[in-house]
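Asker: First, the structure itself, so that you have it in front of you.
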Amino acid sequence: MATALCQRLQLKLPLIQAPMAGGATTPQLVASVGEAGGLGFLAGAMLSPAQMREEAGKIRALSDAPFGINLFVQGRPAPEADEMALALRLLRPWHEELGLGAPAAPDSFCQPFDEQLDALLALRPAAASFTFGILDESQMRALKEAGILTIGTATNLAEGLAWAEAGADAVCAQGKEAGGHRGTFIGEQRESLRPMLSLVYELAQNLPLPVIAAGGIMNGRDMAAAMRHGAEACQLGTAFLRCPESGISPIWKQALAEAREGGTRLTRAFSGRYARGLDNRYMEAMADWEAALPAYPVMNALTAPMRAAAARAGCGELMSLWAGEGVAGARALPVAALIGELRDEWRAAYR
């Protein structure tokens, strides 16, 4: 079943590897997905333009297959003083537990989006995807002139329609099951938690664009179900986290191996934007405060030293172990072997 989207991206399988920021999407992972017939995606949101160029160069040295780059659409943050004070006060005991100095605000909270976009345009990947916001007319025009297929993220119909009006080439329907950060930019994040199949069907019925399904897709049967609901391709993230090519820490991989169904939850406590990950002590202790914390990327920058120290100490209870609802189905296989199994399962589901 070769969809129009797959033909344009030269894919042998309607499979896209989710761009998971924070180190998971190594050049080896991205290239291996492309070599196996899917579309690999570099998570560029937390990289400087120089780092983006370096990582893209490594991918191209490993494979001639097309790949994509993902960015977060965000401006320069201006946090409220009282929110900052609260966050720093709440983080102090966690820093003390890890033997760190008092938490403090960094010099900057995120990479400049306009500079990242300029770097992406110069790199000319086959595709670019965007989340947390929407592009303006001039940005969309620049992507089209560069010949880059543009994918917007939608967690509700209003967002899908907005991306269609903006001129996107495809929309990624992010269901509530998805691991990592919610992409909502119209309405409240907690009110845009539609099950993936329901959201895919609604977007496919109402948009003049190809729809990519994302959220809880762990095997070929899940892929087939999403495509029967109208998706032209499926985006998988958690399914790749246990692969040896994944760049996450050993303690994160071990936590994934031990995860059980129902073991994830949404939280703002790590980053200031709702994200789904494995439940742990930090999430539970901060639950009563999370609504008052600074928004992304401020809180994400403030917790970075704690998360890094926890990873060095092997303390998963203080790490953001992002994972989707289907985490119990993640397989510890090399990328090529995993995609081979996904292909067989997908074909069998259609037979």
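Residue numbers start at 1 in each chain; chains themselves are named A, B, ... in the order of the structure tokens; ligands are numbered from 1 in the order shown.
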I'd like to know which residues of stretch 71-285 of chain A are strand (DSSP E) (by DSSP, run on the backbone); could you write them as a PyMOL selection string?

Answerer: chain A and resi 71-72+127-131+149-154+170-174+180-181+211-214+233-236+264-267+275-278

Asker: Give one line per residue of stretch 267-305 of chain A that approaches stretch 246-261 of chain A to at most 12 Å, naming the two atoms of the closest pair and their distance in Å to one decimal, counting only C-alpha atoms; sort by chain then ascending residue number and deliver it as a Markdown table.

Answerer:
| residue | atom | partner | partner_atom | distance |
| --- | --- | --- | --- | --- |
| A:Gly277 | CA | A:Leu256 | CA | 10.1 |
| A:Leu278 | CA | A:Ala259 | CA | 7.7 |
| A:Asp279 | CA | A:Ala259 | CA | 9.6 |
| A:Asn280 | CA | A:Ala255 | CA | 10.5 |

Asker: Go ahead and write the selection's residues with N, CA and C atoms as an mmCIF file, in the first residue's frame.

Answerer:
data_model
loop_
_atom_site.group_PDB
_atom_site.id
_atom_site.type_symbol
_atom_site.label_atom_id
_atom_site.label_comp_id
_atom_site.auth_asym_id
_atom_site.auth_seq_id
_atom_site.Cartn_x
_atom_site.Cartn_y
_atom_site.Cartn_z
ATOM 1 N N GLY A 277 5.369 10.548 30.318
ATOM 2 C CA GLY A 277 6.551 9.747 30.609
ATOM 3 C C GLY A 277 6.276 8.729 31.698
ATOM 4 N N LEU A 278 7.275 7.923 32.008
ATOM 5 C CA LEU A 278 7.141 6.929 33.072
ATOM 6 C C LEU A 278 6.969 7.627 34.407
ATOM 7 N N ASP A 279 5.994 7.172 35.164
ATOM 8 C CA ASP A 279 5.697 7.775 36.467
ATOM 9 C C ASP A 279 6.884 7.589 37.413
ATOM 10 N N ASN A 280 7.187 8.631 38.192
ATOM 11 C CA ASN A 280 8.270 8.504 39.169
ATOM 12 C C ASN A 280 8.049 9.449 40.353
#

Asker: In Å, with one decimal, what is the gap from atom CA of A:Asp64 to atom CA of A:Val171?

Answerer: 25.1 Å

Asker: Within 12 Å of stretch 143-153 of chain A, which residues of stretch 35-100 of chain A show up? Give each one with its shortest atom-to-atom distance in Å (one decimal) and the two atoms involved, counting only C-alpha atoms, rows by chain then rising residue number, as a Markdown table.

Answerer:
| residue | atom | partner | partner_atom | distance |
| --- | --- | --- | --- | --- |
| A:Phe41 | CA | A:Ile151 | CA | 11.8 |
| A:Pro66 | CA | A:Ile148 | CA | 10.9 |
| A:Phe67 | CA | A:Ile148 | CA | 10.6 |
| A:Gly68 | CA | A:Leu149 | CA | 8.8 |
| A:Ile69 | CA | A:Thr150 | CA | 10.0 |
| A:Asn70 | CA | A:Ile151 | CA | 9.1 |
| A:Leu71 | CA | A:Gly152 | CA | 10.4 |
| A:Phe72 | CA | A:Thr153 | CA | 10.2 |
| A:Val73 | CA | A:Gly152 | CA | 10.3 |

Asker: Skipping near chain neighbours, those fewer than 2 positions away, what residues fall within 6 Å of A:Pro294 using only C-alpha atoms, listed as a list in words?

Answerer: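 The residues satisfying every condition are Glu83, Gly272, Val298 and Met299 of chain A.
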
Asker: Could you name the residues that touch stretch 193-202 of chain A at 8 Å or less, counting only C-alpha atoms, but leaving out those on the same chain fewer than 4 positions away, as a VMD selection string?

Answerer: chain A and resid 155 to 157 173 to 177 189 206 211 to 216 225 to 226 229 to 231

Asker: For the selection you just gave me, I'd like the residues written to a file as an mmCIF file, in the first residue's frame, keeping N, CA, C and O atoms.

Answerer:
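Produced file part_23.cif, reproduced below:
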data_model
loop_
_atom_site.group_PDB
_atom_site.id
_atom_site.type_symbol
_atom_site.label_atom_id
_atom_site.label_comp_id
_atom_site.auth_asym_id
_atom_site.auth_seq_id
_atom_site.Cartn_x
_atom_site.Cartn_y
_atom_site.Cartn_z
ATOM 1 N N THR A 155 -3.182 18.494 17.561
ATOM 2 C CA THR A 155 -3.780 17.691 18.625
ATOM 3 C C THR A 155 -5.293 17.865 18.658
ATOM 4 O O THR A 155 -5.972 17.265 19.477
ATOM 5 N N ASN A 156 -5.817 18.699 17.744
ATOM 6 C CA ASN A 156 -7.255 18.903 17.625
ATOM 7 C C ASN A 156 -7.560 19.382 16.207
ATOM 8 O O ASN A 156 -6.647 19.728 15.439
ATOM 9 N N LEU A 157 -8.828 19.418 15.857
ATOM 10 C CA LEU A 157 -9.216 19.784 14.500
ATOM 11 C C LEU A 157 -8.841 21.219 14.168
ATOM 12 O O LEU A 157 -8.408 21.508 13.038
ATOM 13 N N ALA A 173 -1.135 13.859 13.372
ATOM 14 C CA ALA A 173 -2.189 13.815 14.388
ATOM 15 C C ALA A 173 -1.631 13.178 15.656
ATOM 16 O O ALA A 173 -1.429 11.963 15.713
ATOM 17 N N GLN A 174 -1.393 13.997 16.676
ATOM 18 C CA GLN A 174 -0.790 13.503 17.916
ATOM 19 C C GLN A 174 -1.881 13.120 18.918
ATOM 20 O O GLN A 174 -2.507 13.973 19.546
ATOM 21 N N GLY A 175 -2.102 11.819 19.043
ATOM 22 C CA GLY A 175 -3.096 11.331 19.990
ATOM 23 C C GLY A 175 -2.623 11.428 21.425
ATOM 24 O O GLY A 175 -1.440 11.629 21.704
ATOM 25 N N LYS A 176 -3.544 11.240 22.346
ATOM 26 C CA LYS A 176 -3.232 11.365 23.778
ATOM 27 C C LYS A 176 -2.231 10.320 24.235
ATOM 28 O O LYS A 176 -1.543 10.502 25.246
ATOM 29 N N GLU A 177 -2.113 9.229 23.499
ATOM 30 C CA GLU A 177 -1.239 8.131 23.900
ATOM 31 C C GLU A 177 0.244 8.444 23.712
ATOM 32 O O GLU A 177 1.101 7.737 24.236
ATOM 33 N N GLN A 189 -3.966 22.518 26.730
ATOM 34 C CA GLN A 189 -3.319 21.235 26.450
ATOM 35 C C GLN A 189 -4.111 20.053 26.996
ATOM 36 O O GLN A 189 -4.240 19.014 26.334
ATOM 37 N N ASN A 206 -11.667 15.783 7.382
ATOM 38 C CA ASN A 206 -11.904 17.217 7.294
ATOM 39 C C ASN A 206 -10.770 18.030 6.678
ATOM 40 O O ASN A 206 -10.939 19.237 6.446
ATOM 41 N N VAL A 211 -2.638 12.770 6.405
ATOM 42 C CA VAL A 211 -2.564 12.731 7.864
ATOM 43 C C VAL A 211 -1.591 11.635 8.283
ATOM 44 O O VAL A 211 -1.641 10.513 7.764
ATOM 45 N N ILE A 212 -0.718 11.972 9.222
ATOM 46 C CA ILE A 212 0.238 11.025 9.805
ATOM 47 C C ILE A 212 -0.233 10.716 11.214
ATOM 48 O O ILE A 212 -0.481 11.628 12.001
ATOM 49 N N ALA A 213 -0.370 9.448 11.546
ATOM 50 C CA ALA A 213 -0.850 9.048 12.870
ATOM 51 C C ALA A 213 0.303 8.943 13.852
ATOM 52 O O ALA A 213 1.361 8.406 13.521
ATOM 53 N N ALA A 214 0.102 9.446 15.079
ATOM 54 C CA ALA A 214 1.127 9.368 16.121
ATOM 55 C C ALA A 214 0.462 9.166 17.473
ATOM 56 O O ALA A 214 -0.518 9.827 17.798
ATOM 57 N N GLY A 215 1.020 8.241 18.260
ATOM 58 C CA GLY A 215 0.517 8.023 19.610
ATOM 59 C C GLY A 215 0.129 6.585 19.866
ATOM 60 O O GLY A 215 -0.901 6.108 19.362
ATOM 61 N N GLY A 216 0.961 5.860 20.611
ATOM 62 C CA GLY A 216 0.623 4.502 21.008
ATOM 63 C C GLY A 216 0.806 3.454 19.931
ATOM 64 O O GLY A 216 0.349 2.318 20.080
ATOM 65 N N ALA A 225 -4.282 -0.344 11.735
ATOM 66 C CA ALA A 225 -5.503 0.254 12.284
ATOM 67 C C ALA A 225 -5.540 1.752 12.019
ATOM 68 O O ALA A 225 -6.581 2.308 11.634
ATOM 69 N N ALA A 226 -4.404 2.420 12.209
ATOM 70 C CA ALA A 226 -4.350 3.862 11.975
ATOM 71 C C ALA A 226 -4.610 4.182 10.506
ATOM 72 O O ALA A 226 -5.309 5.161 10.185
ATOM 73 N N HIS A 229 -8.116 4.084 9.468
ATOM 74 C CA HIS A 229 -8.846 5.272 9.924
ATOM 75 C C HIS A 229 -8.489 6.511 9.118
ATOM 76 O O HIS A 229 -8.978 7.606 9.435
ATOM 77 N N GLY A 230 -7.648 6.357 8.109
ATOM 78 C CA GLY A 230 -7.382 7.481 7.221
ATOM 79 C C GLY A 230 -5.960 7.979 7.167
ATOM 80 O O GLY A 230 -5.655 8.889 6.398
ATOM 81 N N ALA A 231 -5.059 7.425 7.985
ATOM 82 C CA ALA A 231 -3.665 7.894 7.980
ATOM 83 C C ALA A 231 -2.944 7.407 6.725
ATOM 84 O O ALA A 231 -3.205 6.308 6.233
#

Asker: When distances are computed from only C-alpha atoms, which of A:Gly316, A:Pro106, A:Pro14, A:Pro244 shows the smallest separation from A:Leu302?

Answerer: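 Nearest candidate to A:Leu302 out of A:Gly316, A:Pro106, A:Pro14, A:Pro244: A:Pro106.
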
Asker: Could you give me, as a list in words, the residues within 12 Å of A:Gly34, counting only C-alpha atoms and dropping anything in the same chain fewer than 6 positions from it?

Answerer: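 My list of contacting residues is Leu9, Gln10, Leu11, Lys12, Leu13, Pro14, Leu15, Ile16, Gln17, Pro27, Gln28, Gly40, Phe41, Leu42, Ile59, Arg60, Leu62, Ser63, Asp64, Ala65, Pro66, Phe67, Gly68, Ala126, Val335, Ala336 and Ile339 of chain A.
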
Asker: Would you mind reading off the distance between atom CA of A:Leu121 and atom CA of A:Ala18, one decimal, in Å?

Answerer: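 Atom-to-atom, atom CA of A:Leu121 to atom CA of A:Ala18, that is 20.0 Å.
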
Asker: May I have the residues within 12 Å of A:Asp344 as a PyMOL selection string, using only C-alpha atoms and disregarding those fewer than 5 positions away in the same chain?

Answerer: chain A and resi 13+219-221+223-224+337-339+349-351

Asker: Against stretch 20-23 of chain A, which residues of stretch 135-193 of chain A fall within 12 Å? For each one I want the closest pair of atoms and the distance in Å (one decimal), counting only C-alpha atoms, rows by chain and increasing residue number, as a Markdown table.

Answerer:
| residue | atom | partner | partner_atom | distance |
| --- | --- | --- | --- | --- |
| A:Ala178 | CA | A:Met20 | CA | 11.3 |
| A:Gly179 | CA | A:Met20 | CA | 9.2 |
| A:Gly180 | CA | A:Met20 | CA | 7.6 |
| A:His181 | CA | A:Met20 | CA | 9.3 |

Asker: Using only C-alpha atoms, pick whichever of A:Pro19, A:Ala291, A:Met286, A:Leu98 has the shortest atom-to-atom distance to A:Ala308.

Answerer: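 Looking at the shortest contact to A:Ala308, the residue is A:Leu98.
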
Asker: Name the residues in contact with A:Ala292 at a cut-off of 12 Å, using only C-alpha atoms, excluding same-chain residues fewer than 6 positions from it; report them as a list in words.

Answerer: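 Selected residues are Pro79, Glu80, Asp82, Glu83, Met84, Ala85, Leu86, Ala87, Leu90, Arg268, Ala269, Gly272, Arg273, Met286 and Met299 of chain A.
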
Asker: Could you tell me how far atom CA of A:Ala104 lies from atom CA of A:Ser48, in Å and to one decimal?

Answerer: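 Atom CA of A:Ala104 sits 21.8 Å away from atom CA of A:Ser48.
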
Asker: Rank A:Ala323, A:Ala233, A:Leu318, A:Ala301 by their smallest atom-to-atom distance to A:Pro93, using only C-alpha atoms, and report the top residue only.

Answerer: A:Leu318
